[in-house]
>>> print(open('coords-v8.cif').read())   # mmCIF, N, CA, C and O atoms
data_entry
loop_
_atom_site.group_PDB
_atom_site.id
_atom_site.type_symbol
_atom_site.label_atom_id
_atom_site.label_comp_id
_atom_site.auth_asym_id
_atom_site.auth_seq_id
_atom_site.Cartn_x
_atom_site.Cartn_y
_atom_site.Cartn_z
ATOM 1 N N SER A 1 52.925 115.478 102.327
ATOM 2 C CA SER A 1 53.278 116.287 103.470
ATOM 3 C C SER A 1 54.773 116.228 103.770
ATOM 4 O O SER A 1 55.373 117.227 104.124
ATOM 5 N N ALA A 2 55.342 115.034 103.641
ATOM 6 C CA ALA A 2 56.776 114.887 103.918
ATOM 7 C C ALA A 2 57.606 115.701 102.932
ATOM 8 O O ALA A 2 58.555 116.383 103.326
ATOM 9 N N LEU A 3 57.249 115.648 101.658
ATOM 10 C CA LEU A 3 57.985 116.406 100.649
ATOM 11 C C LEU A 3 57.847 117.908 100.879
ATOM 12 O O LEU A 3 58.816 118.660 100.736
ATOM 13 N N ARG A 4 56.648 118.344 101.237
ATOM 14 C CA ARG A 4 56.435 119.765 101.515
ATOM 15 C C ARG A 4 57.268 120.194 102.721
ATOM 16 O O ARG A 4 57.895 121.249 102.726
ATOM 17 N N GLY A 5 57.308 119.345 103.755
ATOM 18 C CA GLY A 5 58.105 119.643 104.937
ATOM 19 C C GLY A 5 59.587 119.769 104.618
ATOM 20 O O GLY A 5 60.261 120.672 105.112
ATOM 21 N N MET A 6 60.077 118.878 103.767
ATOM 22 C CA MET A 6 61.499 118.962 103.379
ATOM 23 C C MET A 6 61.763 120.216 102.556
ATOM 24 O O MET A 6 62.802 120.858 102.709
ATOM 25 N N ALA A 7 60.832 120.563 101.694
ATOM 26 C CA ALA A 7 61.019 121.744 100.851
ATOM 27 C C ALA A 7 60.992 123.032 101.660
ATOM 28 O O ALA A 7 61.680 124.003 101.321
ATOM 29 N N LEU A 8 60.224 123.055 102.736
ATOM 30 C CA LEU A 8 60.062 124.278 103.522
ATOM 31 C C LEU A 8 61.011 124.389 104.714
ATOM 32 O O LEU A 8 61.044 125.424 105.371
ATOM 33 N N ARG A 9 61.774 123.341 104.988
ATOM 34 C CA ARG A 9 62.650 123.384 106.166
ATOM 35 C C ARG A 9 63.760 124.410 105.967
ATOM 36 O O ARG A 9 64.192 124.689 104.844
ATOM 37 N N GLU A 10 64.207 124.971 107.084
ATOM 38 C CA GLU A 10 65.264 125.977 106.992
ATOM 39 C C GLU A 10 66.625 125.299 106.851
ATOM 40 O O GLU A 10 66.808 124.147 107.228
ATOM 41 N N ASP A 11 67.553 126.028 106.287
ATOM 42 C CA ASP A 11 68.907 125.526 106.052
ATOM 43 C C ASP A 11 69.655 125.412 107.384
ATOM 44 O O ASP A 11 69.791 126.387 108.113
ATOM 45 N N THR A 12 70.131 124.230 107.683
ATOM 46 C CA THR A 12 70.912 124.007 108.909
ATOM 47 C C THR A 12 72.331 123.533 108.584
ATOM 48 O O THR A 12 73.024 122.995 109.443
ATOM 49 N N SER A 13 72.757 123.749 107.344
ATOM 50 C CA SER A 13 74.080 123.274 106.932
ATOM 51 C C SER A 13 75.207 123.922 107.736
ATOM 52 O O SER A 13 76.292 123.342 107.850
ATOM 53 N N PHE A 14 74.958 125.076 108.339
ATOM 54 C CA PHE A 14 75.979 125.725 109.162
ATOM 55 C C PHE A 14 76.438 124.809 110.290
ATOM 56 O O PHE A 14 77.579 124.907 110.767
ATOM 57 N N SER A 15 75.568 123.913 110.723
ATOM 58 C CA SER A 15 75.939 123.016 111.826
ATOM 59 C C SER A 15 77.062 122.070 111.421
ATOM 60 O O SER A 15 77.814 121.596 112.282
ATOM 61 N N LEU A 16 77.224 121.802 110.136
ATOM 62 C CA LEU A 16 78.325 120.954 109.673
ATOM 63 C C LEU A 16 79.671 121.605 109.966
ATOM 64 O O LEU A 16 80.630 120.926 110.313
ATOM 65 N N ALA A 17 79.733 122.907 109.833
ATOM 66 C CA ALA A 17 80.984 123.624 110.077
ATOM 67 C C ALA A 17 81.332 123.684 111.560
ATOM 68 O O ALA A 17 82.483 123.905 111.923
ATOM 69 N N GLN A 18 80.352 123.461 112.402
ATOM 70 C CA GLN A 18 80.568 123.581 113.846
ATOM 71 C C GLN A 18 80.882 122.255 114.529
ATOM 72 O O GLN A 18 81.192 122.236 115.711
ATOM 73 N N THR A 19 80.820 121.151 113.809
ATOM 74 C CA THR A 19 81.022 119.853 114.445
ATOM 75 C C THR A 19 82.469 119.384 114.350
ATOM 76 O O THR A 19 83.180 119.731 113.415
ATOM 77 N N SER A 20 82.886 118.618 115.328
ATOM 78 C CA SER A 20 84.237 118.066 115.323
ATOM 79 C C SER A 20 84.211 116.544 115.243
ATOM 80 O O SER A 20 85.229 115.898 115.442
ATOM 81 N N ILE A 21 83.043 115.978 114.959
ATOM 82 C CA ILE A 21 82.958 114.533 114.807
ATOM 83 C C ILE A 21 83.145 114.160 113.339
ATOM 84 O O ILE A 21 82.866 114.955 112.444
ATOM 85 N N PRO A 22 83.640 112.950 113.079
ATOM 86 C CA PRO A 22 83.807 112.532 111.682
ATOM 87 C C PRO A 22 82.451 112.354 111.000
ATOM 88 O O PRO A 22 81.510 111.841 111.598
ATOM 89 N N ILE A 23 82.376 112.802 109.771
ATOM 90 C CA ILE A 23 81.142 112.716 108.988
ATOM 91 C C ILE A 23 81.471 112.042 107.669
ATOM 92 O O ILE A 23 82.390 112.458 106.963
ATOM 93 N N LEU A 24 80.717 111.018 107.347
ATOM 94 C CA LEU A 24 80.860 110.334 106.069
ATOM 95 C C LEU A 24 79.682 110.722 105.185
ATOM 96 O O LEU A 24 78.523 110.512 105.552
ATOM 97 N N ILE A 25 79.991 111.279 104.036
ATOM 98 C CA ILE A 25 78.974 111.680 103.072
ATOM 99 C C ILE A 25 79.105 110.740 101.877
ATOM 100 O O ILE A 25 80.120 110.739 101.195
ATOM 101 N N ILE A 26 78.083 109.922 101.669
ATOM 102 C CA ILE A 26 78.080 108.984 100.549
ATOM 103 C C ILE A 26 76.982 109.409 99.597
ATOM 104 O O ILE A 26 75.838 109.606 100.005
ATOM 105 N N SER A 27 77.339 109.538 98.337
ATOM 106 C CA SER A 27 76.374 109.980 97.340
ATOM 107 C C SER A 27 76.577 109.198 96.051
ATOM 108 O O SER A 27 77.706 108.883 95.677
ATOM 109 N N GLY A 28 75.480 108.883 95.393
ATOM 110 C CA GLY A 28 75.571 108.297 94.061
ATOM 111 C C GLY A 28 75.758 109.399 93.044
ATOM 112 O O GLY A 28 75.133 110.456 93.137
ATOM 113 N N ASP A 29 76.617 109.159 92.078
ATOM 114 C CA ASP A 29 76.884 110.222 91.098
ATOM 115 C C ASP A 29 75.711 110.466 90.145
ATOM 116 O O ASP A 29 75.707 111.428 89.396
ATOM 117 N N LYS A 30 74.695 109.623 90.215
ATOM 118 C CA LYS A 30 73.499 109.802 89.386
ATOM 119 C C LYS A 30 72.276 110.181 90.235
ATOM 120 O O LYS A 30 71.138 110.069 89.785
ATOM 121 N N ASP A 31 72.522 110.626 91.454
ATOM 122 C CA ASP A 31 71.434 111.011 92.367
ATOM 123 C C ASP A 31 70.770 112.284 91.853
ATOM 124 O O ASP A 31 71.422 113.316 91.705
ATOM 125 N N ILE A 32 69.469 112.206 91.591
ATOM 126 C CA ILE A 32 68.746 113.392 91.110
ATOM 127 C C ILE A 32 67.991 114.095 92.237
ATOM 128 O O ILE A 32 67.535 115.218 92.067
ATOM 129 N N LEU A 33 67.868 113.443 93.396
ATOM 130 C CA LEU A 33 67.186 114.081 94.522
ATOM 131 C C LEU A 33 68.123 114.997 95.305
ATOM 132 O O LEU A 33 67.723 116.068 95.760
ATOM 133 N N ILE A 34 69.361 114.561 95.497
ATOM 134 C CA ILE A 34 70.373 115.390 96.151
ATOM 135 C C ILE A 34 71.519 115.539 95.151
ATOM 136 O O ILE A 34 72.308 114.619 94.954
ATOM 137 N N PRO A 35 71.599 116.678 94.488
ATOM 138 C CA PRO A 35 72.611 116.875 93.455
ATOM 139 C C PRO A 35 74.037 116.719 94.000
ATOM 140 O O PRO A 35 74.306 116.993 95.169
ATOM 141 N N THR A 36 74.930 116.276 93.135
ATOM 142 C CA THR A 36 76.333 116.099 93.490
ATOM 143 C C THR A 36 76.903 117.348 94.140
ATOM 144 O O THR A 36 77.630 117.262 95.134
ATOM 145 N N GLN A 37 76.571 118.503 93.610
ATOM 146 C CA GLN A 37 77.118 119.756 94.152
ATOM 147 C C GLN A 37 76.709 119.966 95.604
ATOM 148 O O GLN A 37 77.482 120.503 96.401
ATOM 149 N N GLN A 38 75.529 119.529 95.978
ATOM 150 C CA GLN A 38 75.099 119.675 97.370
ATOM 151 C C GLN A 38 75.969 118.819 98.293
ATOM 152 O O GLN A 38 76.350 119.263 99.374
ATOM 153 N N SER A 39 76.308 117.621 97.867
ATOM 154 C CA SER A 39 77.201 116.774 98.661
ATOM 155 C C SER A 39 78.595 117.390 98.752
ATOM 156 O O SER A 39 79.228 117.370 99.808
ATOM 157 N N ILE A 40 79.068 117.958 97.649
ATOM 158 C CA ILE A 40 80.369 118.628 97.639
ATOM 159 C C ILE A 40 80.356 119.822 98.588
ATOM 160 O O ILE A 40 81.306 120.043 99.341
ATOM 161 N N ASN A 41 79.271 120.576 98.592
ATOM 162 C CA ASN A 41 79.154 121.729 99.488
ATOM 163 C C ASN A 41 79.149 121.299 100.953
ATOM 164 O O ASN A 41 79.773 121.941 101.801
ATOM 165 N N MET A 42 78.433 120.210 101.266
ATOM 166 C CA MET A 42 78.415 119.692 102.638
ATOM 167 C C MET A 42 79.816 119.277 103.063
ATOM 168 O O MET A 42 80.258 119.571 104.177
ATOM 169 N N HIS A 43 80.512 118.612 102.171
ATOM 170 C CA HIS A 43 81.884 118.171 102.457
ATOM 171 C C HIS A 43 82.802 119.373 102.717
ATOM 172 O O HIS A 43 83.642 119.343 103.622
ATOM 173 N N ALA A 44 82.630 120.423 101.949
ATOM 174 C CA ALA A 44 83.458 121.624 102.118
ATOM 175 C C ALA A 44 83.197 122.285 103.477
ATOM 176 O O ALA A 44 84.112 122.838 104.088
ATOM 177 N N LEU A 45 81.971 122.217 103.948
ATOM 178 C CA LEU A 45 81.622 122.822 105.239
ATOM 179 C C LEU A 45 82.143 122.015 106.433
ATOM 180 O O LEU A 45 82.535 122.589 107.435
ATOM 181 N N ALA A 46 82.108 120.702 106.315
ATOM 182 C CA ALA A 46 82.454 119.829 107.436
ATOM 183 C C ALA A 46 83.957 119.537 107.435
ATOM 184 O O ALA A 46 84.459 118.838 106.558
ATOM 185 N N LYS A 47 84.655 120.073 108.426
ATOM 186 C CA LYS A 47 86.117 119.943 108.491
ATOM 187 C C LYS A 47 86.568 118.489 108.569
ATOM 188 O O LYS A 47 87.610 118.124 108.053
ATOM 189 N N TYR A 48 85.801 117.673 109.257
ATOM 190 C CA TYR A 48 86.197 116.291 109.501
ATOM 191 C C TYR A 48 85.344 115.321 108.686
ATOM 192 O O TYR A 48 84.912 114.290 109.195
ATOM 193 N N SER A 49 85.142 115.654 107.436
ATOM 194 C CA SER A 49 84.287 114.815 106.602
ATOM 195 C C SER A 49 85.083 114.113 105.514
ATOM 196 O O SER A 49 86.175 114.533 105.135
ATOM 197 N N LYS A 50 84.473 113.049 105.031
ATOM 198 C CA LYS A 50 84.992 112.332 103.877
ATOM 199 C C LYS A 50 83.827 112.201 102.903
ATOM 200 O O LYS A 50 82.713 111.854 103.299
ATOM 201 N N LEU A 51 84.077 112.508 101.650
ATOM 202 C CA LEU A 51 83.053 112.416 100.614
ATOM 203 C C LEU A 51 83.371 111.235 99.712
ATOM 204 O O LEU A 51 84.482 111.117 99.201
ATOM 205 N N VAL A 52 82.398 110.357 99.542
ATOM 206 C CA VAL A 52 82.522 109.218 98.643
ATOM 207 C C VAL A 52 81.422 109.320 97.606
ATOM 208 O O VAL A 52 80.242 109.380 97.943
ATOM 209 N N MET A 53 81.818 109.363 96.346
ATOM 210 C CA MET A 53 80.872 109.362 95.238
ATOM 211 C C MET A 53 80.873 107.965 94.631
ATOM 212 O O MET A 53 81.908 107.490 94.177
ATOM 213 N N ILE A 54 79.728 107.317 94.644
ATOM 214 C CA ILE A 54 79.614 105.964 94.110
ATOM 215 C C ILE A 54 79.169 106.055 92.653
ATOM 216 O O ILE A 54 78.095 106.587 92.361
ATOM 217 N N PRO A 55 80.010 105.547 91.747
ATOM 218 C CA PRO A 55 79.681 105.629 90.317
ATOM 219 C C PRO A 55 78.443 104.811 89.947
ATOM 220 O O PRO A 55 78.205 103.738 90.503
ATOM 221 N N ASP A 56 77.684 105.339 89.025
ATOM 222 C CA ASP A 56 76.502 104.668 88.476
ATOM 223 C C ASP A 56 75.472 104.298 89.539
ATOM 224 O O ASP A 56 74.803 103.267 89.434
ATOM 225 N N ALA A 57 75.349 105.119 90.568
ATOM 226 C CA ALA A 57 74.351 104.907 91.614
ATOM 227 C C ALA A 57 73.516 106.173 91.756
ATOM 228 O O ALA A 57 74.014 107.282 91.556
ATOM 229 N N GLY A 58 72.274 105.981 92.136
ATOM 230 C CA GLY A 58 71.374 107.105 92.345
ATOM 231 C C GLY A 58 71.211 107.422 93.815
ATOM 232 O O GLY A 58 72.136 107.263 94.611
ATOM 233 N N HIS A 59 70.021 107.843 94.185
ATOM 234 C CA HIS A 59 69.747 108.282 95.552
ATOM 235 C C HIS A 59 69.815 107.138 96.568
ATOM 236 O O HIS A 59 70.169 107.357 97.720
ATOM 237 N N LEU A 60 69.491 105.941 96.157
ATOM 238 C CA LEU A 60 69.531 104.790 97.061
ATOM 239 C C LEU A 60 70.792 103.964 96.818
ATOM 240 O O LEU A 60 70.744 102.750 96.580
ATOM 241 N N SER A 61 71.933 104.622 96.889
ATOM 242 C CA SER A 61 73.204 103.961 96.578
ATOM 243 C C SER A 61 73.470 102.753 97.477
ATOM 244 O O SER A 61 74.110 101.800 97.051
ATOM 245 N N SER A 62 72.963 102.772 98.699
ATOM 246 C CA SER A 62 73.171 101.633 99.601
ATOM 247 C C SER A 62 72.449 100.380 99.097
ATOM 248 O O SER A 62 72.878 99.257 99.389
ATOM 249 N N LEU A 63 71.379 100.554 98.340
ATOM 250 C CA LEU A 63 70.652 99.420 97.758
ATOM 251 C C LEU A 63 71.126 99.103 96.338
ATOM 252 O O LEU A 63 71.139 97.950 95.930
ATOM 253 N N GLU A 64 71.523 100.138 95.622
ATOM 254 C CA GLU A 64 71.940 99.958 94.239
ATOM 255 C C GLU A 64 73.348 99.372 94.129
ATOM 256 O O GLU A 64 73.627 98.581 93.228
ATOM 257 N N LYS A 65 74.220 99.801 95.012
ATOM 258 C CA LYS A 65 75.627 99.370 94.998
ATOM 259 C C LYS A 65 76.048 99.033 96.432
ATOM 260 O O LYS A 65 76.892 99.705 97.028
ATOM 261 N N PRO A 66 75.458 98.000 97.028
ATOM 262 C CA PRO A 66 75.711 97.714 98.445
ATOM 263 C C PRO A 66 77.170 97.407 98.773
ATOM 264 O O PRO A 66 77.660 97.810 99.829
ATOM 265 N N SER A 67 77.883 96.740 97.894
ATOM 266 C CA SER A 67 79.290 96.418 98.171
ATOM 267 C C SER A 67 80.125 97.690 98.284
ATOM 268 O O SER A 67 80.932 97.839 99.214
ATOM 269 N N GLU A 68 79.932 98.603 97.335
ATOM 270 C CA GLU A 68 80.699 99.854 97.349
ATOM 271 C C GLU A 68 80.315 100.711 98.554
ATOM 272 O O GLU A 68 81.162 101.319 99.194
ATOM 273 N N TRP A 69 79.026 100.753 98.856
ATOM 274 C CA TRP A 69 78.550 101.540 99.979
ATOM 275 C C TRP A 69 79.112 100.997 101.292
ATOM 276 O O TRP A 69 79.645 101.738 102.114
ATOM 277 N N ASN A 70 79.009 99.685 101.479
ATOM 278 C CA ASN A 70 79.531 99.055 102.699
ATOM 279 C C ASN A 70 81.031 99.254 102.828
ATOM 280 O O ASN A 70 81.537 99.505 103.924
ATOM 281 N N GLN A 71 81.754 99.153 101.721
ATOM 282 C CA GLN A 71 83.205 99.352 101.769
ATOM 283 C C GLN A 71 83.544 100.782 102.186
ATOM 284 O O GLN A 71 84.505 101.010 102.924
ATOM 285 N N SER A 72 82.763 101.731 101.752
ATOM 286 C CA SER A 72 82.980 103.132 102.130
ATOM 287 C C SER A 72 82.849 103.308 103.638
ATOM 288 O O SER A 72 83.639 104.009 104.264
ATOM 289 N N VAL A 73 81.851 102.655 104.216
ATOM 290 C CA VAL A 73 81.652 102.736 105.665
ATOM 291 C C VAL A 73 82.807 102.053 106.393
ATOM 292 O O VAL A 73 83.355 102.596 107.359
ATOM 293 N N LYS A 74 83.198 100.881 105.918
ATOM 294 C CA LYS A 74 84.319 100.168 106.541
ATOM 295 C C LYS A 74 85.603 101.004 106.482
ATOM 296 O O LYS A 74 86.332 101.099 107.463
ATOM 297 N N ASP A 75 85.874 101.603 105.312
ATOM 298 C CA ASP A 75 87.087 102.410 105.144
ATOM 299 C C ASP A 75 87.119 103.612 106.075
ATOM 300 O O ASP A 75 88.187 104.028 106.525
ATOM 301 N N MET A 76 85.964 104.141 106.392
ATOM 302 C CA MET A 76 85.895 105.314 107.277
ATOM 303 C C MET A 76 86.400 104.984 108.667
ATOM 304 O O MET A 76 86.954 105.841 109.350
ATOM 305 N N PHE A 77 86.224 103.754 109.082
ATOM 306 C CA PHE A 77 86.567 103.383 110.460
ATOM 307 C C PHE A 77 87.796 102.493 110.563
ATOM 308 O O PHE A 77 88.037 101.906 111.615
ATOM 309 N N GLN A 78 88.561 102.391 109.509
ATOM 310 C CA GLN A 78 89.802 101.607 109.565
ATOM 311 C C GLN A 78 91.003 102.501 109.676
ATOM 312 O O GLN A 78 91.048 103.603 109.373
#
>>> encode(input="coords-v8.cif", output="structure tokens")
Amino acid sequence: SALRGMALREDTSFSLAQTSIPILIISGDKDILIPTQQSINMHALAKYSKLVMIPDAGHLSSLEKPSEWNQSVKDMFQ
């Protein structure tokens, strides 16, 4: 049911272009659930965003590469 709900949900990416808050987009470069291009597109829409691609990580980059993921979050707020 959860997968069907995600597949059928409407596109709300326009809201990224309307926000003025900082957005951190972290993606593993081997993520097969959310393709790299989708993260790049989100970054292009969000004026105040930062995109971090973690090498050799998949969809669960925070678990696969916790040091790199944590550093990305720290860097966003320094």
>>> select_by_dssp(input="coords-v8.cif", residues="chain A", states="strand (DSSP E or B)", output="NGL selection string")
:A and (23-28 or 49-54)
>>> closest_residue(input="coords-v8.cif", among="A:Ser13, A:Ala7, A:Gln18, A:Lys30", to="Leu60 in chain A", atoms="only N, CA, C and O atoms")
A:Lys30
>>> atom_distance(input="coords-v8.cif", atom1="CA of Ser20 in chain A", atom2="CA of Asp75 in chain A")
18.9 Å
>>> axis_aligned_box(input="coords-v8.cif", around="range 46-50 of chain A", padding_each_side="3 Å", output="lines of an AutoDock Vina configuration file")
center_x = 84.9
center_y = 116.3
center_z = 106.2
size_x = 11.5
size_y = 14.8
size_z = 12.6
>>> atom_distance(input="coords-v8.cif", atom1="atom C of Ser61 in chain A", atom2="atom N of Ile21 in chain A")
23.9 Å
>>> closest_residue(input="coords-v8.cif", among="A:Ser67, A:Ser49, A:Gln37, A:Gln78", to="Ile25 in chain A", atoms="only N, CA, C and O atoms")
A:Ser49
>>> atom_distance(input="coords-v8.cif", atom1="CA of Ile54 in chain A", atom2="CA of Asp29 in chain A")
5.9 Å
>>> closest_residue(input="coords-v8.cif", among="A:Leu8, A:Ala17, A:Leu3, A:Leu24", to="Lys47 in chain A", atoms="all atoms listed in the file")
A:Ala17
>>> closest_residue(input="coords-v8.cif", among="A:Val52, A:Gly5, A:Ser62, A:Asn41", to="Ser27 in chain A", atoms="only N, CA, C and O atoms")
A:Val52
>>> residues_near_point(input="coords-v8.cif", point="(85.5, 107.7, 106.0)", cutoff="6 Å", atoms="all atoms listed in the file", output="MDAnalysis selection string")
chainID A and resid 23:24 50 72:73 75:77
>>> closest_residue(input="coords-v8.cif", among="A:Gln71, A:Thr36, A:Thr19, A:Ser1", to="Tyr48 in chain A", atoms="all atoms listed in the file")
A:Thr19
>>> closest_residue(input="coords-v8.cif", among="A:Leu51, A:Thr12, A:Ala44, A:His59", to="Ile32 in chain A", atoms="only C-alpha atoms")
A:His59
